[in-house]
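> File upload13.txt below, compact mmCIF, C-alpha atoms and all ligand atoms:
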# COMPACT_ATOMS: atom_id res chain seq x y z
CA MET A 15 124.10 124.71 105.58
CA THR A 16 123.21 128.13 104.22
CA SER A 17 122.40 128.91 100.61
CA LEU A 18 124.71 131.19 98.64
CA SER A 19 123.85 134.86 98.37
CA SER A 20 122.04 135.41 95.10
CA THR A 21 123.83 138.72 94.55
CA ALA A 22 127.43 137.50 94.87
CA VAL A 23 127.92 136.86 91.14
CA GLN A 24 125.87 138.22 88.24
CA LEU A 25 125.20 134.92 86.43
CA PRO A 26 124.78 135.24 82.67
CA ILE A 27 121.51 133.29 82.55
CA ALA A 28 120.49 132.75 78.92
CA SER A 29 117.20 134.31 77.90
CA ARG A 30 115.81 131.00 76.60
CA ILE A 31 115.63 129.80 80.21
CA ASP A 32 113.00 132.50 80.84
CA GLY A 33 110.75 130.69 78.37
CA LEU A 34 110.46 127.68 80.64
CA ARG A 35 107.29 127.35 82.70
CA SER A 36 106.63 125.34 85.83
CA GLU A 37 103.84 122.79 86.33
CA GLY A 38 101.03 123.64 88.76
CA ALA A 39 100.60 120.02 89.82
CA PHE A 40 104.19 119.81 91.04
CA GLU A 41 103.99 123.22 92.74
CA VAL A 42 100.78 122.41 94.63
CA LEU A 43 102.17 118.98 95.53
CA ALA A 44 105.24 120.70 97.05
CA SER A 45 103.00 123.11 99.05
CA ALA A 46 100.86 120.17 100.22
CA ARG A 47 103.95 118.22 101.30
CA ALA A 48 105.23 121.29 103.20
CA LEU A 49 101.90 121.44 105.07
CA GLU A 50 102.16 117.69 105.79
CA ARG A 51 105.62 118.20 107.26
CA LYS A 52 104.00 120.66 109.67
CA GLY A 53 101.55 117.95 110.73
CA ARG A 54 98.54 118.83 108.54
CA HIS A 55 96.52 116.04 106.94
CA ILE A 56 96.10 116.71 103.20
CA LEU A 57 93.88 114.92 100.68
CA HIS A 58 95.71 114.71 97.35
CA LEU A 59 93.67 115.43 94.25
CA GLU A 60 96.32 117.54 92.56
CA ILE A 61 98.75 115.20 90.84
CA GLY A 62 97.99 113.10 87.77
CA GLU A 63 99.45 109.93 89.17
CA PRO A 64 97.58 106.62 89.48
CA ASP A 65 97.33 105.54 93.12
CA PHE A 66 97.71 101.91 91.98
CA PRO A 67 101.13 100.30 92.47
CA THR A 68 103.15 99.22 89.44
CA ALA A 69 102.00 95.62 88.76
CA PRO A 70 104.28 92.94 90.33
CA HIS A 71 105.22 91.28 87.02
CA ILE A 72 106.51 94.66 85.77
CA VAL A 73 108.53 95.29 88.94
CA GLU A 74 109.93 91.75 88.77
CA ALA A 75 111.10 92.25 85.18
CA GLY A 76 112.96 95.41 86.23
CA VAL A 77 114.55 93.72 89.26
CA ARG A 78 115.54 90.68 87.19
CA ALA A 79 117.24 92.92 84.63
CA LEU A 80 119.22 94.62 87.41
CA GLN A 81 120.23 91.25 88.83
CA ASN A 82 121.26 90.12 85.36
CA GLY A 83 123.68 93.03 85.19
CA GLU A 84 121.73 95.31 82.82
CA THR A 85 123.41 98.31 84.40
CA LYS A 86 125.38 99.70 81.46
CA TYR A 87 124.88 102.30 78.72
CA GLY A 88 122.58 101.25 75.91
CA PRO A 89 121.40 102.65 72.57
CA ALA A 90 120.22 106.28 72.81
CA GLY A 91 116.89 105.60 71.11
CA GLY A 92 116.00 102.60 73.29
CA ILE A 93 116.70 98.86 73.23
CA LEU A 94 115.40 97.08 70.15
CA GLU A 95 113.25 94.59 72.13
CA LEU A 96 111.28 97.44 73.72
CA ARG A 97 110.92 99.30 70.42
CA ILE A 98 109.61 96.07 68.85
CA ALA A 99 107.09 95.67 71.70
CA ILE A 100 105.97 99.31 71.37
CA ALA A 101 105.59 98.99 67.60
CA ALA A 102 103.45 95.85 68.04
CA HIS A 103 101.34 97.64 70.65
CA LEU A 104 100.75 100.60 68.33
CA VAL A 105 100.00 98.31 65.36
CA SER A 106 97.31 96.68 67.54
CA HIS A 107 95.74 100.17 67.69
CA GLY A 108 95.81 100.47 63.91
CA ILE A 109 98.92 102.70 63.80
CA ASN A 110 101.57 101.89 61.20
CA ALA A 111 104.57 101.78 63.53
CA ALA A 112 108.07 100.42 62.91
CA PRO A 113 110.69 99.96 65.66
CA ASP A 114 113.16 102.22 63.82
CA ASP A 115 110.75 105.17 64.02
CA ILE A 116 110.42 104.91 67.81
CA VAL A 117 112.59 106.79 70.30
CA VAL A 118 112.38 105.78 73.96
CA THR A 119 112.81 108.55 76.54
CA PRO A 120 112.66 109.03 80.34
CA GLY A 121 108.89 109.66 80.41
CA SER A 122 107.04 111.14 77.46
CA LYS A 123 107.87 114.72 78.45
CA PRO A 124 111.22 114.84 76.57
CA ILE A 125 109.40 114.05 73.31
CA LEU A 126 107.37 117.26 73.75
CA LEU A 127 110.55 119.27 74.26
CA TYR A 128 112.43 117.56 71.42
CA ALA A 129 109.50 118.16 69.08
CA ALA A 130 109.56 121.89 69.82
CA LEU A 131 113.37 122.05 69.51
CA ALA A 132 113.47 120.02 66.31
CA LEU A 133 110.60 121.70 64.46
CA LEU A 134 110.34 125.33 65.52
CA GLU A 135 112.53 128.25 64.54
CA ASN A 136 112.57 131.56 66.41
CA GLY A 137 109.29 133.37 65.83
CA ASP A 138 107.40 130.33 64.48
CA GLU A 139 103.97 129.67 65.93
CA ALA A 140 102.62 126.51 67.52
CA LEU A 141 98.93 125.99 68.24
CA ILE A 142 98.18 124.67 71.69
CA PRO A 143 94.85 124.05 73.42
CA ASP A 144 93.76 126.36 76.24
CA PRO A 145 93.45 124.91 78.81
CA SER A 146 96.19 122.31 78.31
CA TYR A 147 99.10 120.46 79.85
CA PRO A 148 101.48 123.34 80.71
CA ILE A 149 104.58 121.72 79.22
CA TYR A 150 103.33 122.41 75.66
CA ASP A 151 103.49 126.16 76.26
CA SER A 152 106.81 125.82 78.08
CA ALA A 153 108.46 123.71 75.37
CA VAL A 154 107.35 126.05 72.59
CA ARG A 155 108.64 129.15 74.43
CA PHE A 156 111.91 127.40 75.28
CA ALA A 157 112.39 126.74 71.56
CA GLY A 158 112.06 130.50 70.93
CA ALA A 159 108.68 130.10 69.22
CA ARG A 160 105.27 131.56 70.04
CA PRO A 161 102.43 129.51 71.53
CA VAL A 162 99.07 130.51 70.03
CA THR A 163 96.10 129.09 71.85
CA TYR A 164 92.88 127.52 70.61
CA ARG A 165 90.15 127.45 73.20
CA LEU A 166 88.47 124.29 74.46
CA ASP A 167 84.88 124.82 75.49
CA ALA A 168 82.66 123.04 78.00
CA SER A 169 79.66 123.41 75.65
CA ASN A 170 80.98 120.60 73.40
CA GLY A 171 82.61 118.52 76.11
CA PHE A 172 85.98 120.28 75.61
CA ALA A 173 86.55 118.56 72.25
CA PRO A 174 88.84 120.60 69.97
CA ASP A 175 86.84 122.93 67.71
CA VAL A 176 88.45 122.60 64.29
CA ASP A 177 86.99 125.94 63.07
CA ALA A 178 88.59 127.71 66.05
CA ILE A 179 91.91 126.01 65.23
CA ALA A 180 91.63 127.01 61.56
CA ALA A 181 90.95 130.62 62.55
CA ALA A 182 94.19 130.73 64.59
CA ILE A 183 96.47 129.55 61.73
CA THR A 184 98.85 132.14 60.25
CA SER A 185 101.73 131.94 57.77
CA ARG A 186 104.05 131.28 60.76
CA THR A 187 102.11 128.27 62.12
CA ARG A 188 104.20 125.10 61.91
CA VAL A 189 102.94 122.81 64.64
CA LEU A 190 99.64 121.86 66.24
CA PHE A 191 99.37 120.14 69.61
CA LEU A 192 96.48 117.70 70.02
CA ASN A 193 95.86 115.90 73.32
CA THR A 194 93.07 113.34 73.42
CA PRO A 195 91.80 112.23 75.93
CA GLN A 196 92.76 115.60 77.32
CA ASN A 197 94.44 116.89 80.46
CA PRO A 198 92.90 118.79 82.27
CA THR A 199 89.37 118.62 80.82
CA GLY A 200 88.90 114.92 80.01
CA GLY A 201 87.70 116.01 76.55
CA VAL A 202 87.97 113.54 73.66
CA ILE A 203 87.91 114.40 69.95
CA ASP A 204 85.27 112.60 67.85
CA GLU A 205 85.81 110.94 64.46
CA GLY A 206 84.38 113.91 62.55
CA GLY A 207 86.71 116.28 64.35
CA LEU A 208 89.64 114.00 63.66
CA ALA A 209 88.91 113.88 59.91
CA ALA A 210 88.52 117.67 59.78
CA LEU A 211 91.77 118.11 61.70
CA ALA A 212 93.61 115.79 59.29
CA GLN A 213 92.39 117.90 56.35
CA LEU A 214 93.40 121.10 58.09
CA ALA A 215 96.90 119.76 58.87
CA GLU A 216 97.33 118.66 55.26
CA ALA A 217 96.04 121.90 53.77
CA ASN A 218 98.26 124.05 55.99
CA ASP A 219 101.27 121.75 56.02
CA LEU A 220 101.23 121.43 59.83
CA ILE A 221 103.03 118.83 61.91
CA VAL A 222 100.69 117.50 64.60
CA ILE A 223 102.02 116.48 68.01
CA VAL A 224 99.49 113.89 69.09
CA ASP A 225 99.65 113.27 72.83
CA GLU A 226 97.75 110.07 73.58
CA ILE A 227 99.16 109.32 77.01
CA TYR A 228 95.60 108.88 78.37
CA ARG A 229 94.46 106.59 75.49
CA PRO A 230 93.31 103.67 77.71
CA PHE A 231 91.18 105.97 79.89
CA ASN A 232 88.18 106.41 77.67
CA TYR A 233 84.76 106.08 79.29
CA GLY A 234 82.54 106.69 76.28
CA ALA A 235 81.24 104.40 73.56
CA PRO A 236 83.81 102.88 71.19
CA PRO A 237 87.19 104.60 71.51
CA VAL A 238 88.05 107.03 68.72
CA PRO A 239 91.05 105.84 66.66
CA SER A 240 94.31 107.76 66.64
CA LEU A 241 94.80 110.64 64.19
CA LEU A 242 97.81 108.64 62.96
CA THR A 243 95.48 106.00 61.46
CA LEU A 244 94.08 108.51 58.94
CA PRO A 245 95.55 108.67 55.42
CA GLY A 246 98.69 110.83 55.18
CA MET A 247 98.82 111.48 58.93
CA ARG A 248 101.49 109.03 60.03
CA GLU A 249 104.03 111.07 58.01
CA ARG A 250 103.05 114.39 59.60
CA CYS A 251 102.40 113.37 63.20
CA ILE A 252 104.57 112.81 66.23
CA LEU A 253 102.84 110.39 68.58
CA VAL A 254 103.61 111.00 72.26
CA ASP A 255 102.90 108.13 74.64
CA GLY A 256 104.33 106.44 77.68
CA PHE A 257 103.99 104.08 80.60
CA SER A 258 103.35 106.57 83.46
CA LYS A 259 99.56 106.56 83.39
CA ALA A 260 98.50 103.25 81.80
CA TYR A 261 100.92 101.12 83.82
CA ALA A 262 101.14 103.25 86.98
CA MET A 263 104.85 103.83 86.30
CA THR A 264 105.21 107.60 86.83
CA GLY A 265 108.44 107.32 88.84
CA TRP A 266 110.12 104.82 86.52
CA ARG A 267 110.33 107.51 83.82
CA LEU A 268 109.54 105.67 80.62
CA GLY A 269 107.90 107.09 77.52
CA TYR A 270 108.40 107.28 73.78
CA GLY A 271 107.67 109.04 70.54
CA LEU A 272 106.66 107.50 67.21
CA LEU A 273 108.16 109.75 64.59
CA PRO A 274 108.12 110.48 60.88
CA THR A 275 111.22 108.57 59.69
CA PRO A 276 113.43 111.65 59.02
CA LEU A 277 112.93 112.80 62.61
CA ALA A 278 113.74 109.51 64.38
CA SER A 279 117.54 109.80 64.09
CA ARG A 280 117.34 113.49 65.12
CA PHE A 281 115.35 112.65 68.23
CA ALA A 282 117.80 109.85 69.08
CA LEU A 283 120.59 112.44 68.77
CA LEU A 284 118.73 114.78 71.12
CA ALA A 285 118.34 111.85 73.54
CA LEU A 286 122.05 111.02 73.25
CA ASN A 287 123.01 114.62 74.06
CA ASP A 288 120.44 114.91 76.83
CA HIS A 289 120.57 111.71 78.89
CA ALA A 290 122.49 109.12 76.78
CA CYS A 291 119.87 106.40 77.25
CA VAL A 292 117.00 105.24 79.46
CA PRO A 293 118.22 102.65 82.01
CA ALA A 294 117.94 99.17 80.48
CA PHE A 295 116.20 97.71 83.56
CA VAL A 296 113.46 100.33 83.22
CA GLN A 297 113.04 99.39 79.56
CA ARG A 298 112.81 95.67 80.48
CA ALA A 299 110.01 96.59 82.87
CA GLY A 300 108.33 98.38 79.96
CA ILE A 301 108.51 95.24 77.81
CA ALA A 302 106.81 93.28 80.62
CA ALA A 303 104.13 95.98 80.84
CA LEU A 304 103.28 95.75 77.15
CA THR A 305 103.63 92.01 76.63
CA GLY A 306 102.39 90.72 80.01
CA THR A 307 98.86 90.53 81.40
CA GLN A 308 96.72 93.65 80.90
CA GLU A 309 94.54 92.66 83.87
CA PRO A 310 95.95 95.35 86.23
CA LEU A 311 95.28 98.02 83.59
CA ASN A 312 91.71 96.80 83.09
CA THR A 313 91.12 96.76 86.86
CA MET A 314 92.41 100.33 87.10
CA ILE A 315 90.22 101.51 84.20
CA ASN A 316 87.11 99.96 85.81
CA GLU A 317 87.95 101.58 89.14
CA PHE A 318 88.53 104.98 87.51
CA ALA A 319 85.18 104.68 85.70
CA ALA A 320 83.46 104.15 89.06
CA ARG A 321 85.32 107.10 90.59
CA ARG A 322 84.43 109.29 87.62
CA ALA A 323 80.74 108.64 88.30
CA LEU A 324 81.23 109.27 92.02
CA VAL A 325 83.13 112.54 91.51
CA ALA A 326 80.82 113.88 88.79
CA GLY A 327 77.75 113.04 90.89
CA ARG A 328 79.11 114.63 94.07
CA LEU A 329 80.31 117.78 92.25
CA ALA A 330 77.00 118.23 90.44
CA ALA A 331 75.23 118.32 93.83
CA ILE A 332 77.33 121.26 95.11
CA PRO A 333 75.66 124.67 94.68
CA GLY A 334 77.68 126.92 92.37
CA VAL A 335 79.31 123.99 90.54
CA SER A 336 78.47 122.61 87.12
CA ILE A 337 80.23 119.62 85.65
CA THR A 338 80.33 117.73 82.38
CA ALA A 339 81.40 114.15 83.19
CA PRO A 340 84.82 113.74 81.53
CA ALA A 341 84.83 111.47 78.46
CA GLY A 342 88.38 110.35 79.18
CA ALA A 343 91.59 110.70 81.25
CA PHE A 344 91.18 110.78 85.06
CA TYR A 345 90.38 114.40 85.78
CA ALA A 346 87.19 116.26 86.60
CA PHE A 347 87.16 119.89 85.42
CA PRO A 348 84.14 121.51 87.07
CA ASP A 349 82.97 125.03 86.24
CA VAL A 350 82.99 126.86 89.56
CA SER A 351 82.62 130.36 88.09
CA ALA A 352 79.19 130.91 89.65
CA ALA A 353 80.76 130.45 93.09
CA THR A 354 84.01 132.36 92.42
CA ASN A 355 82.21 135.27 90.74
CA ALA A 356 79.70 135.55 93.60
CA ALA A 357 82.54 135.48 96.16
CA GLY A 358 84.73 137.85 94.12
CA ILE A 359 87.71 135.47 94.09
CA THR A 360 89.76 133.76 91.38
CA SER A 361 89.95 130.00 90.94
CA ALA A 362 93.58 130.19 92.16
CA GLN A 363 92.39 131.84 95.38
CA LEU A 364 89.69 129.19 95.73
CA ALA A 365 92.22 126.37 95.23
CA SER A 366 94.52 127.98 97.80
CA LYS A 367 91.64 128.29 100.29
CA LEU A 368 90.78 124.61 99.76
CA LEU A 369 94.39 123.61 100.40
CA HIS A 370 95.15 125.83 103.40
CA GLU A 371 91.79 125.90 105.16
CA TYR A 372 90.26 122.53 104.19
CA GLY A 373 93.32 120.36 103.51
CA VAL A 374 92.23 119.50 99.95
CA ALA A 375 94.99 119.79 97.32
CA LEU A 376 93.64 120.38 93.82
CA LEU A 377 94.50 122.72 90.95
CA PRO A 378 92.99 125.95 89.69
CA GLY A 379 92.02 125.75 86.01
CA THR A 380 94.48 128.58 85.36
CA ALA A 381 97.36 126.16 86.04
CA PHE A 382 96.53 125.05 82.45
CA GLY A 383 96.06 128.44 80.79
CA ALA A 384 93.98 131.60 80.96
CA ALA A 385 90.84 129.82 79.70
CA GLY A 386 90.93 127.75 82.91
CA GLU A 387 89.73 130.72 84.98
CA GLY A 388 86.50 129.72 86.70
CA TYR A 389 87.45 126.03 86.77
CA LEU A 390 89.16 123.59 89.14
CA ARG A 391 90.91 120.34 88.24
CA LEU A 392 90.43 117.33 90.49
CA SER A 393 92.39 114.17 89.78
CA PHE A 394 90.43 111.02 90.59
CA ALA A 395 93.55 108.88 90.45
CA THR A 396 93.19 108.74 94.21
CA GLY A 397 91.27 106.24 96.39
CA ARG A 398 87.47 106.43 96.79
CA ALA A 399 87.62 106.96 100.56
CA ASP A 400 89.86 110.03 100.13
CA LEU A 401 87.77 111.28 97.21
CA ASP A 402 84.66 111.01 99.34
CA LYS A 403 86.24 112.93 102.23
CA ALA A 404 87.68 115.56 99.88
CA LEU A 405 84.33 116.13 98.17
CA THR A 406 82.61 116.56 101.54
CA LEU A 407 85.18 119.26 102.36
CA VAL A 408 84.81 120.89 98.93
CA ASP A 409 81.04 120.96 99.49
CA GLU A 410 81.56 122.55 102.92
CA CYS A 411 83.89 125.18 101.42
CA PHE A 412 81.40 126.13 98.69
CA ARG A 413 78.55 126.39 101.20
CA SER A 414 80.65 128.65 103.41
CA LEU A 415 81.51 130.81 100.36
CA ALA A 416 77.83 131.21 99.58
CA SER A 417 76.79 132.09 103.14
C1 LIG B 501 98.94 115.36 78.66
C2 LIG B 501 100.20 114.84 79.25
N1 LIG B 501 101.23 114.55 78.44
C3 LIG B 501 102.39 114.11 78.91
C4 LIG B 501 102.58 113.92 80.27
C5 LIG B 501 103.96 113.48 80.72
O1 LIG B 501 103.98 112.31 81.42
P1 LIG B 501 105.32 111.44 81.57
O2 LIG B 501 106.48 112.32 81.29
O3 LIG B 501 105.28 110.93 82.95
O4 LIG B 501 105.21 110.35 80.51
C6 LIG B 501 101.55 114.20 81.16
C7 LIG B 501 101.73 114.06 82.62
O5 LIG B 501 100.93 114.47 83.43
C8 LIG B 501 100.32 114.67 80.64
O6 LIG B 501 99.27 114.96 81.42
Mind converting the file's structure to structure tokens?


Amino acid sequence: MTSLSSTAVQLPIASRIDGLRSEGAFEVLASARALERKGRHILHLEIGEPDFPTAPHIVEAGVRALQNGETKYGPAGGILELRIAIAAHLVSHGINAAPDDIVVTPGSKPILLYAALALLENGDEALIPDPSYPIYDSAVRFAGARPVTYRLDASNGFAPDVDAIAAAITSRTRVLFLNTPQNPTGGVIDEGGLAALAQLAEANDLIVIVDEIYRPFNYGAPPVPSLLTLPGMRERCILVDGFSKAYAMTGWRLGYGLLPTPLASRFALLALNDHACVPAFVQRAGIAALTGTQEPLNTMINEFAARRALVAGRLAAIPGVSITAPAGAFYAFPDVSAATNAAGITSAQLASKLLHEYGVALLPGTAFGAAGEGYLRLSFATGRADLDKALTLVDECFRSLAS
């Protein structure tokens, strides 16, 4: 089969499509897979996907639902039993959640897009962290609005700096994206920062999109509560969460938003127009995930904590690398600027060298924004044996750069 000539018809592609951005993790994964098809052995530290299998009791619940004939359309916002389970889960984290304010989606990604579409007019501004998960920028641009970045800095463990956020607010700012624990830095906001952010949101009438998909992966002392637990915040926050990371369910596509009441029916309408509903058997698996044993999650968290120590220790020993151990999530975000500056290369060139010459797939910090220059992102959601081999190769690469 040959592909059609791109010049045959001048397609009237709408300008909003140009706002969409890709995701570095998926691009590097595709390049790595192409190398594998040519027979190369690649170590995968690029994608944010737990290497653990989905727990058997979750899989069984999904299979049982299929066998019971749950193969039809369902409510656009999600089946009530799952929304009840999600609400109970959030209440156990101190968040005032009601099933009617929850919309279930295929992964949490649609909630990010719906939030931008539902809240931003052309020319409005949305504050997003730099570096950050690239879909924030993409969703805001797709909605015709302008992403304005606030910088995350290694000097305070990549926690959001509320003064820097305040300085970026203008009369057009409507929305603020907060991700804690954060992708790609592992940064976590502290309670003081959270209180200051709540005040700032209130004073400037901002809606906060609170992405807590990495909530269980918190390696520090007592976990910081959600912004939504602070007075007045539940009404002005959209909570973004899902099953991909905590329950190793990336491919099932199951996530949700907890919304201010007036937005819930609008998001359900977006869901109805977009995909009609999430398959019921996937939602049944989600109920099993939330209401069944949490042992597999706890095992995974303990393993990731051990890997975090391994990765941070190994990276710190490489000349030209400095690393703050991530407080949360499952990514290391080392500063490699000493090595890239000395070699006169960018972090994208370094990541490409590591992939093509050393067989290690990881991401340049710039896959998450301009402030990521001089950094790499390594996912430690991959087994210790592979991490160990990959870090030996990374070490070799840095030594060869320096020689
Ligand atoms: C910060 C953040 N939010 C949201 C997502 C979306 O995950 P999913 O759509 O699988 O729920 C990801 C995935 O990597 C992420 O890192």

> Using 4 Å of padding on each side, determine the axis-aligned box around all atoms of ligand LIG 501 (chain B) present in the file and give its centre and edge lengths in Å to one decimal, as JSON.


{"center_x": 102.7, "center_y": 112.9, "center_z": 80.9, "size_x": 15.5, "size_y": 13.0, "size_z": 13.0}

> Taking only C-alpha atoms and all ligand atoms into account, list the residues no farther than 6 Å from ligand LIG 501 (chain B), as a ChimeraX atom specification.

/A:62,121-123,147,197,225,227,256,258,264,269

> Skipping near chain neighbours, those fewer than 6 positions away, what residues fall within 9 Å of Arg328 of chain A using only C-alpha atoms, listed as a PDB file with C-alpha atoms, in the frame of the given file?


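Wrote it out as around_5.pdb, contents follow:
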ATOM      1  CA  ASP A 402      84.660 111.010  99.340  1.00  0.00           C
ATOM      2  CA  LEU A 405      84.330 116.130  98.170  1.00  0.00           C
ATOM      3  CA  THR A 406      82.610 116.560 101.540  1.00  0.00           C
ATOM      4  CA  ASP A 409      81.040 120.960  99.490  1.00  0.00           C
TER       5      ASP A 409
END

> What is the atom CA of Pro145 of chain A-atom CA of Thr380 of chain A distance in Å, reported with one decimal?

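Spanning atom CA of Pro145 of chain A to atom CA of Thr380 of chain A is a straight-line distance of 7.6 Å.
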
> If we draw a sphere of 12 Å around (104.2, 131.8, 59.3), which residues have at least one atom in it when counting only C-alpha atoms? Please report them as a list in words.

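Nearby residues: Leu134, Glu135, Asn136, Gly137, Asp138, Glu139, Ala140, Leu141, Ala159, Arg160, Val162, Ala182, Ile183, Thr184, Ser185, Arg186, Thr187, Arg188, Val189, Asn218, Asp219 and Leu220 of chain A.
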
> Generate the output file for the selected residues, C-alpha atoms, as a PDB file, keeping the file's coordinate frame.


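Generated output (selection_0.pdb):
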ATOM      1  CA  LEU A 134     110.340 125.330  65.520  1.00  0.00           C
ATOM      2  CA  GLU A 135     112.530 128.250  64.540  1.00  0.00           C
ATOM      3  CA  ASN A 136     112.570 131.560  66.410  1.00  0.00           C
ATOM      4  CA  GLY A 137     109.290 133.370  65.830  1.00  0.00           C
ATOM      5  CA  ASP A 138     107.400 130.330  64.480  1.00  0.00           C
ATOM      6  CA  GLU A 139     103.970 129.670  65.930  1.00  0.00           C
ATOM      7  CA  ALA A 140     102.620 126.510  67.520  1.00  0.00           C
ATOM      8  CA  LEU A 141      98.930 125.990  68.240  1.00  0.00           C
ATOM      9  CA  ALA A 159     108.680 130.100  69.220  1.00  0.00           C
ATOM     10  CA  ARG A 160     105.270 131.560  70.040  1.00  0.00           C
ATOM     11  CA  VAL A 162      99.070 130.510  70.030  1.00  0.00           C
ATOM     12  CA  ALA A 182      94.190 130.730  64.590  1.00  0.00           C
ATOM     13  CA  ILE A 183      96.470 129.550  61.730  1.00  0.00           C
ATOM     14  CA  THR A 184      98.850 132.140  60.250  1.00  0.00           C
ATOM     15  CA  SER A 185     101.730 131.940  57.770  1.00  0.00           C
ATOM     16  CA  ARG A 186     104.050 131.280  60.760  1.00  0.00           C
ATOM     17  CA  THR A 187     102.110 128.270  62.120  1.00  0.00           C
ATOM     18  CA  ARG A 188     104.200 125.100  61.910  1.00  0.00           C
ATOM     19  CA  VAL A 189     102.940 122.810  64.640  1.00  0.00           C
ATOM     20  CA  ASN A 218      98.260 124.050  55.990  1.00  0.00           C
ATOM     21  CA  ASP A 219     101.270 121.750  56.020  1.00  0.00           C
ATOM     22  CA  LEU A 220     101.230 121.430  59.830  1.00  0.00           C
TER      23      LEU A 220
END

> My list of candidates is A:Leu277, A:Val118, A:Ile100, A:Ala168. Which is closest to Pro198 of chain A when distances are computed with only C-alpha atoms?

A:Ala168

> Which residues of segment 154-214 of chain A sit at most 9 Å from segment 31-41 of chain A, using only C-alpha atoms? Give each one's shortest atom pair and distance in Å (one decimal place), in chain and ascending residue order, as JSON lines.


{"residue": "A:Val154", "atom": "CA", "partner": "A:Gly33", "partner_atom": "CA", "distance": 8.2}
{"residue": "A:Arg155", "atom": "CA", "partner": "A:Gly33", "partner_atom": "CA", "distance": 4.7}
{"residue": "A:Phe156", "atom": "CA", "partner": "A:Gly33", "partner_atom": "CA", "distance": 4.7}
{"residue": "A:Ala157", "atom": "CA", "partner": "A:Gly33", "partner_atom": "CA", "distance": 8.0}
{"residue": "A:Gly158", "atom": "CA", "partner": "A:Gly33", "partner_atom": "CA", "distance": 7.6}

> Using all atoms listed in the file, which of the listed residues (A:Ile223, A:Leu133, A:Ile149, A:Val202) sits closest to Ala339 of chain A?

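Closest candidate: A:Val202.
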
> Rounded to one decimal, what separation in Å do you get between atom CA of Thr354 of chain A and atom CA of Ala46 of chain A?

22.2 Å

> Counting all atoms listed in the file, figure out which residue out of A:Met263, A:Ala48, A:Val408, A:Ala215 gets nearest to Pro64 of chain A.

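For Pro64 of chain A, the nearest of the candidates is A:Met263.
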
> Which residues, written as a VMD selection string, have at least one atom at most 10 Å from segment 372-379 of chain A, with all atoms listed in the file counted and residues fewer than 3 positions away on the same chain left out?

chain A and resid 38 to 39 41 to 43 45 to 47 49 to 50 54 to 61 144 to 146 198 to 199 347 to 350 360 to 369 382 to 393 400 to 401 403 to 405 407 to 408 410 to 411

> Restricting it to C-alpha atoms, dump the selection as a CSV table (one decimal), in the coordinates of the input.


chain,number,residue,atom,x,y,z
A,38,GLY,CA,101.0,123.6,88.8
A,39,ALA,CA,100.6,120.0,89.8
A,41,GLU,CA,104.0,123.2,92.7
A,42,VAL,CA,100.8,122.4,94.6
A,43,LEU,CA,102.2,119.0,95.5
A,45,SER,CA,103.0,123.1,99.0
A,46,ALA,CA,100.9,120.2,100.2
A,47,ARG,CA,104.0,118.2,101.3
A,49,LEU,CA,101.9,121.4,105.1
A,50,GLU,CA,102.2,117.7,105.8
A,54,ARG,CA,98.5,118.8,108.5
A,55,HIS,CA,96.5,116.0,106.9
A,56,ILE,CA,96.1,116.7,103.2
A,57,LEU,CA,93.9,114.9,100.7
A,58,HIS,CA,95.7,114.7,97.4
A,59,LEU,CA,93.7,115.4,94.2
A,60,GLU,CA,96.3,117.5,92.6
A,61,ILE,CA,98.8,115.2,90.8
A,144,ASP,CA,93.8,126.4,76.2
A,145,PRO,CA,93.4,124.9,78.8
A,146,SER,CA,96.2,122.3,78.3
A,198,PRO,CA,92.9,118.8,82.3
A,199,THR,CA,89.4,118.6,80.8
A,347,PHE,CA,87.2,119.9,85.4
A,348,PRO,CA,84.1,121.5,87.1
A,349,ASP,CA,83.0,125.0,86.2
A,350,VAL,CA,83.0,126.9,89.6
A,360,THR,CA,89.8,133.8,91.4
A,361,SER,CA,90.0,130.0,90.9
A,362,ALA,CA,93.6,130.2,92.2
A,363,GLN,CA,92.4,131.8,95.4
A,364,LEU,CA,89.7,129.2,95.7
A,365,ALA,CA,92.2,126.4,95.2
A,366,SER,CA,94.5,128.0,97.8
A,367,LYS,CA,91.6,128.3,100.3
A,368,LEU,CA,90.8,124.6,99.8
A,369,LEU,CA,94.4,123.6,100.4
A,382,PHE,CA,96.5,125.0,82.4
A,383,GLY,CA,96.1,128.4,80.8
A,384,ALA,CA,94.0,131.6,81.0
A,385,ALA,CA,90.8,129.8,79.7
A,386,GLY,CA,90.9,127.8,82.9
A,387,GLU,CA,89.7,130.7,85.0
A,388,GLY,CA,86.5,129.7,86.7
A,389,TYR,CA,87.4,126.0,86.8
A,390,LEU,CA,89.2,123.6,89.1
A,391,ARG,CA,90.9,120.3,88.2
A,392,LEU,CA,90.4,117.3,90.5
A,393,SER,CA,92.4,114.2,89.8
A,400,ASP,CA,89.9,110.0,100.1
A,401,LEU,CA,87.8,111.3,97.2
A,403,LYS,CA,86.2,112.9,102.2
A,404,ALA,CA,87.7,115.6,99.9
A,405,LEU,CA,84.3,116.1,98.2
A,407,LEU,CA,85.2,119.3,102.4
A,408,VAL,CA,84.8,120.9,98.9
A,410,GLU,CA,81.6,122.6,102.9
A,411,CYS,CA,83.9,125.2,101.4

> Using all atoms listed in the file, find the one residue out of A:Ser414, A:Thr396, A:Phe257, A:Phe191 that sits nearest to Ala299 of chain A.

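Nearest candidate to Ala299 of chain A out of A:Ser414, A:Thr396, A:Phe257, A:Phe191: A:Phe257.
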